[in-house]
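Listing of work29.txt; format and content: compact mmCIF, C-alpha atoms.
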# COMPACT_ATOMS: atom_id res chain seq x y z
CA ASP L 1 2.97 36.39 -89.41
CA HIS L 2 5.80 33.82 -89.06
CA CYS L 3 4.03 31.22 -91.22
CA MET L 4 2.27 33.41 -93.76
CA ILE L 5 1.80 31.69 -97.11
CA HIS L 6 2.66 34.02 -99.96
CA GLY L 7 0.34 32.29 -102.42
CA SER L 8 -2.65 32.73 -100.12
CA VAL L 9 -1.78 36.37 -99.46
CA ASN L 10 -1.48 36.95 -103.19
CA LYS L 11 -5.03 35.68 -103.72
CA ILE L 12 -6.31 38.10 -101.07
CA VAL L 13 -4.42 40.97 -102.73
CA ASP L 14 -5.99 40.12 -106.09
CA ARG L 15 -9.49 40.13 -104.54
CA ILE L 16 -8.89 43.52 -102.92
CA LEU L 17 -7.53 45.00 -106.14
CA ALA L 18 -10.63 43.77 -107.97
CA TYR L 19 -12.93 45.37 -105.41
CA PRO L 20 -14.41 48.73 -106.52
CA THR L 21 -12.55 50.97 -104.10
CA ARG L 22 -10.02 53.64 -104.89
CA ARG L 23 -7.94 54.14 -101.78
CA ALA L 24 -6.67 52.21 -98.78
CA TYR L 25 -4.33 52.64 -95.84
CA ALA L 26 -5.64 56.12 -95.00
CA ARG L 27 -3.40 56.15 -91.93
CA TYR L 28 -0.44 56.77 -94.23
CA VAL L 29 0.40 60.31 -95.26
CA GLY L 30 -1.13 61.00 -98.65
CA ASN L 31 -3.63 58.11 -98.57
CA ILE L 32 -1.61 55.68 -100.67
CA PRO L 33 -3.79 54.27 -103.46
CA VAL L 34 -4.52 50.57 -103.51
CA ALA L 35 -2.91 50.33 -106.93
CA VAL L 36 0.42 51.35 -105.41
CA SER L 37 0.33 49.92 -101.87
CA LEU L 38 -0.98 46.48 -102.80
CA GLY L 39 0.82 46.58 -106.12
CA VAL L 40 4.12 46.85 -104.25
CA LEU L 41 3.06 43.98 -102.00
CA LYS L 42 2.11 41.89 -105.02
CA ALA L 43 5.52 42.56 -106.60
CA ARG L 44 7.34 41.48 -103.45
CA ILE L 45 5.22 38.34 -103.21
CA ALA L 46 6.07 37.53 -106.82
CA TRP L 47 9.77 37.84 -106.04
CA MET L 48 9.46 35.65 -102.94
CA ARG L 49 7.66 32.97 -104.92
CA GLY L 50 10.38 32.91 -107.58
CA SER L 51 8.68 35.00 -110.27
CA VAL L 52 11.49 37.50 -110.08
CA ASP L 53 11.07 38.95 -113.56
CA ASP L 54 7.33 39.43 -113.05
CA ALA L 55 8.16 41.15 -109.76
CA TRP L 56 10.23 43.81 -111.49
CA ALA L 57 7.61 44.35 -114.19
CA ILE L 58 4.89 44.84 -111.57
CA VAL L 59 6.85 47.22 -109.37
CA SER L 60 8.09 49.27 -112.34
CA GLU L 61 4.48 49.95 -113.30
CA LYS L 62 3.66 51.01 -109.72
CA VAL L 63 6.61 53.41 -109.63
CA ASP L 64 5.37 55.00 -112.85
CA ILE L 65 1.94 55.47 -111.29
CA ALA L 66 3.46 56.89 -108.11
CA ARG L 67 5.49 59.49 -110.03
CA GLY L 68 2.24 61.30 -110.77
CA LEU L 69 1.11 61.34 -107.14
CA VAL L 70 2.24 62.97 -103.89
CA PRO L 71 5.92 62.53 -102.84
CA PHE L 72 5.24 60.13 -99.97
CA VAL L 73 3.58 57.67 -102.35
CA LEU L 74 6.60 57.73 -104.65
CA GLY L 75 8.83 57.17 -101.63
CA TYR L 76 6.71 54.14 -100.76
CA ALA L 77 7.00 52.67 -104.25
CA LEU L 78 10.75 53.26 -104.40
CA GLY L 79 11.69 52.40 -100.83
CA LEU L 80 9.53 49.36 -100.22
CA GLY L 81 9.18 48.14 -103.80
CA ALA L 82 11.66 48.99 -106.52
CA ILE L 83 14.87 49.32 -104.50
CA PRO L 84 14.42 46.09 -102.51
CA ILE L 85 13.64 44.09 -105.63
CA LEU L 86 16.68 45.49 -107.44
CA MET L 87 18.89 44.72 -104.45
CA TRP L 88 17.52 41.17 -104.25
CA ARG L 89 18.17 40.76 -107.95
CA GLY L 90 21.75 41.94 -107.46
CA GLU L 91 21.40 45.06 -109.61
CA ALA L 92 23.34 47.47 -107.40
CA GLU L 93 23.87 50.14 -110.03
CA ALA L 94 20.17 50.48 -110.80
CA ALA L 95 19.35 50.38 -107.08
CA ALA L 96 21.86 53.19 -106.49
CA ARG L 97 20.13 55.41 -109.04
CA LEU L 98 16.74 54.94 -107.39
CA THR L 99 18.28 55.39 -103.94
CA SER L 100 19.60 58.79 -105.04
CA GLU L 101 16.13 59.67 -106.28
CA LEU L 102 14.60 58.58 -102.98
CA ARG L 103 17.17 60.59 -100.98
CA ASP L 104 16.55 63.75 -103.00
CA LEU L 105 12.78 63.29 -102.87
CA ALA L 106 12.85 62.86 -99.09
CA HIS L 107 15.15 65.85 -98.57
CA GLU L 108 13.18 68.21 -100.79
CA ASN L 109 9.86 67.26 -99.18
CA ARG L 110 11.09 66.81 -95.59
CA LEU L 111 10.02 63.18 -95.46
CA ASP L 112 11.96 61.95 -92.44
CA TYR L 113 10.85 58.35 -92.80
CA TRP L 114 12.19 58.05 -96.34
CA THR L 115 15.31 60.06 -95.48
CA SER L 116 16.21 57.39 -92.94
CA TRP L 117 15.31 54.62 -95.38
CA ALA L 118 17.49 56.15 -98.10
CA ARG L 119 20.44 56.29 -95.70
CA MET L 120 19.95 52.62 -94.96
CA CYS L 121 19.96 51.89 -98.69
CA GLU L 122 23.19 53.86 -99.11
CA VAL L 123 24.85 51.88 -96.32
CA ALA L 124 23.93 48.58 -97.97
CA LEU L 125 25.13 49.76 -101.36
CA ALA L 126 28.44 50.96 -99.89
CA VAL L 127 29.07 47.50 -98.46
CA ARG L 128 27.92 45.73 -101.64
CA THR L 129 30.28 47.83 -103.79
CA GLY L 130 33.21 47.57 -101.38
CA HIS L 131 33.27 51.23 -100.39
CA GLN L 132 32.50 50.53 -96.74
CA SER L 133 33.24 47.64 -94.41
CA GLU L 134 30.42 45.70 -92.81
CA ASP L 135 31.76 46.64 -89.37
CA VAL L 136 31.35 50.36 -90.13
CA ALA L 137 27.98 49.71 -91.73
CA ARG L 138 26.68 47.86 -88.68
CA SER L 139 27.50 50.88 -86.53
CA HIS L 140 24.69 52.83 -88.18
CA LYS L 141 21.50 53.10 -86.16
CA LEU L 142 18.63 51.34 -87.88
CA THR L 143 14.97 51.00 -87.09
CA ALA L 144 13.54 47.51 -86.60
CA ARG L 145 12.10 47.43 -90.10
CA GLU L 146 15.34 48.69 -91.60
CA SER L 147 17.23 45.94 -89.77
CA ASP L 148 14.84 43.34 -91.16
CA MET L 149 15.38 44.61 -94.69
CA ILE L 150 19.10 45.36 -94.90
CA GLY L 151 20.18 41.85 -93.97
CA THR L 152 18.25 40.43 -96.91
CA TRP L 153 20.37 42.59 -99.23
CA ASP L 154 23.74 41.49 -97.91
CA GLU L 155 24.28 38.60 -95.49
CA ARG L 156 27.11 40.53 -93.81
CA LEU L 157 24.60 43.13 -92.59
CA VAL L 158 22.29 40.93 -90.54
CA THR L 159 22.02 42.53 -87.11
CA PRO L 160 21.42 40.91 -83.71
CA ARG L 161 18.15 42.82 -83.59
CA ALA L 162 16.96 41.35 -86.89
CA LEU L 163 17.99 37.86 -85.78
CA HIS L 164 16.11 38.23 -82.49
CA ARG L 165 12.99 39.38 -84.32
CA ALA L 166 13.22 36.43 -86.70
CA GLU L 167 13.82 33.88 -83.95
CA THR L 168 10.97 35.17 -81.79
CA GLY L 169 8.43 35.44 -84.59
CA GLN L 170 8.21 39.24 -84.52
CA VAL L 171 8.84 39.32 -88.26
CA GLY L 172 7.91 36.64 -90.76
CA TRP L 173 8.68 37.66 -94.32
CA SER L 174 12.45 37.88 -93.82
CA ALA L 175 12.84 35.18 -91.16
CA ALA L 176 14.14 32.36 -93.37
CA GLU L 177 16.76 34.57 -95.00
CA THR L 178 17.82 36.16 -91.72
CA LEU L 179 18.33 32.73 -90.16
CA ARG L 180 20.35 31.59 -93.18
CA CYS L 181 22.61 34.64 -93.04
CA ALA L 182 23.16 34.35 -89.30
CA THR L 183 24.01 30.66 -89.62
CA TRP L 184 26.52 31.34 -92.38
CA GLN L 185 28.11 34.13 -90.33
CA ARG L 186 28.49 31.79 -87.35
CA LEU L 187 30.07 29.15 -89.57
CA ARG L 188 32.63 31.65 -90.85
CA GLU L 189 33.39 32.73 -87.29
CA GLY L 190 33.68 29.15 -86.08
CA SER L 191 31.06 29.71 -83.39
CA ILE L 192 28.81 26.90 -84.61
CA GLY L 193 29.56 23.32 -85.63
CA LEU L 194 28.72 21.79 -89.01
CA GLY L 195 25.95 19.62 -87.57
CA ALA L 196 24.28 22.49 -85.75
CA ALA L 197 24.57 24.65 -88.87
CA ASP L 198 22.86 21.96 -90.94
CA LEU L 199 19.98 21.84 -88.49
CA ALA L 200 19.70 25.64 -88.64
CA PHE L 201 19.62 25.55 -92.44
CA GLN L 202 16.89 22.90 -92.30
CA HIS L 203 14.85 25.12 -89.98
CA ALA L 204 15.25 28.05 -92.38
CA THR L 205 14.25 25.77 -95.28
CA ASP L 206 11.13 24.65 -93.42
CA ILE L 207 10.09 28.27 -92.90
CA ALA L 208 10.73 29.18 -96.54
CA ARG L 209 8.75 26.19 -97.82
CA ALA L 210 5.85 26.86 -95.46
CA GLN L 211 5.70 30.42 -96.79
CA GLU L 212 6.21 29.39 -100.45
CA ALA L 213 9.27 31.65 -100.45
CA SER L 214 11.18 29.96 -103.27
CA SER L 215 13.73 32.75 -103.62
CA TRP L 216 14.79 32.36 -99.99
CA GLU L 217 14.85 28.60 -100.45
CA LEU L 218 17.34 28.94 -103.32
CA ARG L 219 19.68 31.01 -101.15
CA ILE L 220 19.41 28.49 -98.33
CA ALA L 221 20.06 25.58 -100.72
CA THR L 222 23.18 27.29 -102.06
CA SER L 223 24.56 27.87 -98.57
CA ARG L 224 23.62 24.39 -97.42
CA ALA L 225 25.32 22.86 -100.46
CA ARG L 226 28.54 24.59 -99.44
CA LEU L 227 28.15 23.15 -95.97
CA TRP L 228 27.48 19.65 -97.29
CA SER L 229 30.60 19.85 -99.46
CA LEU L 230 32.63 20.48 -96.29
CA GLN L 231 31.05 17.34 -94.84
CA GLY L 232 32.05 15.31 -97.89
CA ARG L 233 28.48 15.12 -99.22
CA ARG L 234 29.27 16.61 -102.61
CA GLY L 235 26.79 14.47 -104.50
CA ASP L 236 23.96 15.47 -102.19
CA ALA L 237 25.08 19.09 -102.40
CA LEU L 238 25.04 19.10 -106.19
CA ALA L 239 21.61 17.44 -106.30
CA LEU L 240 20.25 19.99 -103.85
CA VAL L 241 21.38 23.03 -105.83
CA GLU L 242 20.45 21.65 -109.23
CA GLY L 243 17.08 20.40 -108.00
CA THR L 244 16.24 23.77 -106.50
CA LEU L 245 17.32 25.67 -109.60
CA GLU L 246 15.21 23.43 -111.83
CA ARG L 247 12.03 24.66 -110.17
CA PHE L 248 12.58 28.22 -111.41
CA THR L 249 11.38 29.54 -114.76
CA GLN L 250 12.57 33.12 -114.15
CA GLY L 251 15.62 34.83 -112.72
CA SER L 252 18.46 33.28 -114.69
CA GLU L 253 20.23 36.66 -114.87
CA THR L 254 20.00 37.44 -111.17
CA ARG L 255 22.83 37.33 -108.64
CA ASP L 256 21.29 34.45 -106.69
CA HIS L 257 20.94 32.23 -109.73
CA ALA L 258 24.45 33.03 -110.91
CA LEU L 259 25.86 32.10 -107.51
CA ALA L 260 23.85 28.87 -107.38
CA ARG L 261 25.09 27.89 -110.84
CA LYS L 262 28.66 28.70 -109.82
CA VAL L 263 28.40 26.48 -106.74
CA ALA L 264 26.90 23.67 -108.83
CA GLU L 265 29.69 23.97 -111.38
CA GLU L 266 32.37 23.89 -108.69
CA LEU L 267 30.80 20.80 -107.17
CA SER L 268 30.51 18.99 -110.52
CA LEU L 269 34.09 19.78 -111.56
CA ASP L 270 35.75 19.01 -108.24
CA HIS L 271 38.49 16.43 -108.61
CA LEU L 272 37.46 14.79 -105.33
CA PRO L 273 34.89 11.96 -105.62
CA LEU L 274 31.34 13.09 -105.04
CA SER L 275 29.48 11.23 -102.33
Represent the structure of the file as C-alpha cells.
Amino acid sequence: DHCMIHGSVNKIVDRILAYPTRRAYARYVGNIPVAVSLGVLKARIAWMRGSVDDAWAIVSEKVDIARGLVPFVLGYALGLGAIPILMWRGEAEAAARLTSELRDLAHENRLDYWTSWARMCEVALAVRTGHQSEDVARSHKLTARESDMIGTWDERLVTPRALHRAETGQVGWSAAETLRCATWQRLREGSIGLGAADLAFQHATDIARAQEASSWELRIATSRARLWSLQGRRGDALALVEGTLERFTQGSETRDHALARKVAEELSLDHLPLS
C-alpha cells in the first residue's frame, strides 16, 4: 500500500506474533514459520522507522532460527531480511558473505527464486565496490520485486520499471527512496530543473513521513540539502540535515548517517555565507 504506516503495521505484527499459532504463509514452500516471516518484516519495519540497530539484532535472531529449518526458509531470512538490512546500513563486506551463502544454498537445493535473488545481490555489490559499472548492472534482467529492492541499495541502480511502480502506487515500501534516487539522477543528467527537483524531493518526503519511514526521510533530507546549497540556501540546508539527524537515537555508524554528517560539516565549514 502506497500510504502504509510502518508503526501501525508493526502493532499488527506484534499481535500476530503473540497469537498462539505456529505457522503462517502456507502458500510458500516449506511453510515459513511466523517467527521467521513476520520477524523479518518486523526487522525491516524497525529499519524504516530509524531503529537501525534494533533491526539488525532482530533479523540476526531470525537467521539463526532459519538455519535449523528447511533451505527455503533460510533463503527467505537471508534474501529478504539480513542482506537488505546490511546493504541499507552500508556494510557491503558482511552483505557479500551472506550473499555467497544464499547463492550456494540456492544452487545446492535448486531454489530458482533465491538463485535469481542472489544474482541481483551480486550485481548490486559489484557496483557498490566499483567492480562493475551501473550501465552494465542495469543490463541485467530483474523481476519487479528485484527492481524495487536494488535501487534502495544504490541510487545508481534505480530502474525505469521501479520508478513506474513507485509513481503509480504499485509498490509502497520503497516509493519514497525510489523517487529520491530518480530525482537525483535527473539532476545529475541535467534533465530536471532545481525547482522541479525540490518539488519532487518534497513529494518523496511527504510519502516517507506518512509512512513513518525515518530512514528514507534522512536520505531525502541529505539529497535535498545538497540541492538547497546549489540554490544558495545553505543555512536552510544545514538546519534540515542537522534537524533530521537529531531525531535518530540509533545508526550513527551507518553509511547514511556518515554521509549526512559529512554534508552537514561541508555546509557549516563553507567559506560562502550561509543563507
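The spacing separating atom CA of L:Val263 from atom CA of L:Arg226 amounts to 7.5 Å.
You can rank L:Glu189, L:Glu177, L:Glu93, L:Asp154 by their closest distance to L:Ala204 using all atoms listed in the file, and at the top of that list sits L:Glu177.
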Exercise for the section: Would you mind listing what lies within 8 Å of L:Gly39 as a PyMOL selection string, with all atoms listed in the file counted and same-chain residues fewer than 6 positions away left out? Expected result: chain L and resi 58-59+62
At most 6 Å from (9.6, 40.1, -108.5), file frame, all atoms listed in the file: which residues, as a short mmCIF file (atom, residue, chain, number, x, y, z; two decimals) with C-alpha atoms, in the coordinates of the input?
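So result_35.cif came out as:
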data_model
loop_
_atom_site.label_atom_id
_atom_site.label_comp_id
_atom_site.auth_asym_id
_atom_site.auth_seq_id
_atom_site.Cartn_x
_atom_site.Cartn_y
_atom_site.Cartn_z
CA ALA L 43 5.52 42.56 -106.60
CA ARG L 44 7.34 41.48 -103.45
CA ALA L 46 6.07 37.53 -106.82
CA TRP L 47 9.77 37.84 -106.04
CA SER L 51 8.68 35.00 -110.27
CA VAL L 52 11.49 37.50 -110.08
CA ASP L 53 11.07 38.95 -113.56
CA ASP L 54 7.33 39.43 -113.05
CA ALA L 55 8.16 41.15 -109.76
CA TRP L 56 10.23 43.81 -111.49
#
Exercise for the section: Quick one: residues within 12 Å of (24.4, 31.8, -110.2) (file frame), counting all atoms listed in the file, please, as a PyMOL selection string. Expected result: chain L and resi 89-90+218-219+222+241-242+245+251-266
Problem - Pairwise distance for atom CA of L:Leu98 and atom CA of L:Asp148, rounded to one decimal in Å - result: 20.0 Å
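Atom CA of L:Met48 lies 26.2 Å from atom CA of L:Thr115.
Each of L:Ser60, L:Ser147, L:Ser214, L:Thr183 was compared to L:Val171 using all atoms listed in the file, and L:Ser147 turns out to be the nearest.
If only C-alpha atoms are the atoms counted, then among L:Arg247, L:Arg110, L:Arg156, L:Lys11 the closest residue to L:Val127 is L:Arg156.
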Fill in the blank from the handout: In terms of only C-alpha atoms, the residue from L:Leu111, L:Leu157, L:Val63, L:Leu199 at minimal distance from L:Ala82 is L:Val63
Practice task
Go through L:Ala96, L:Ala166, L:Leu194, L:Ala182 one by one, measure the shortest atom-to-atom distance of each to L:Leu78 using all atoms listed in the file, and give the residue with the smallest value.
Solution key: L:Ala96
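Between L:His164 and the residues L:Ser223, L:Trp216, L:Gly151, L:Leu179, the shortest atom-to-atom distance, using all atoms listed in the file, involves L:Leu179.
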Exercise for the section: Just the residues within 12 Å of L:Ala208, please, counting only C-alpha atoms, with nothing from its chain fewer than 2 positions along; format it as a ChimeraX atom specification. Expected result: /L:2-6,48-50,172-180,201-206,210-221
Practice task
Extract, using only C-alpha atoms, all DNA, RNA and protein residues at most 10 Å from L:Met120, discarding same-chain residues fewer than 4 positions from it, and format them as a PyMOL selection string.
Solution key: chain L and resi 99+114-116+124-126+137+140-143+146-147+149-150
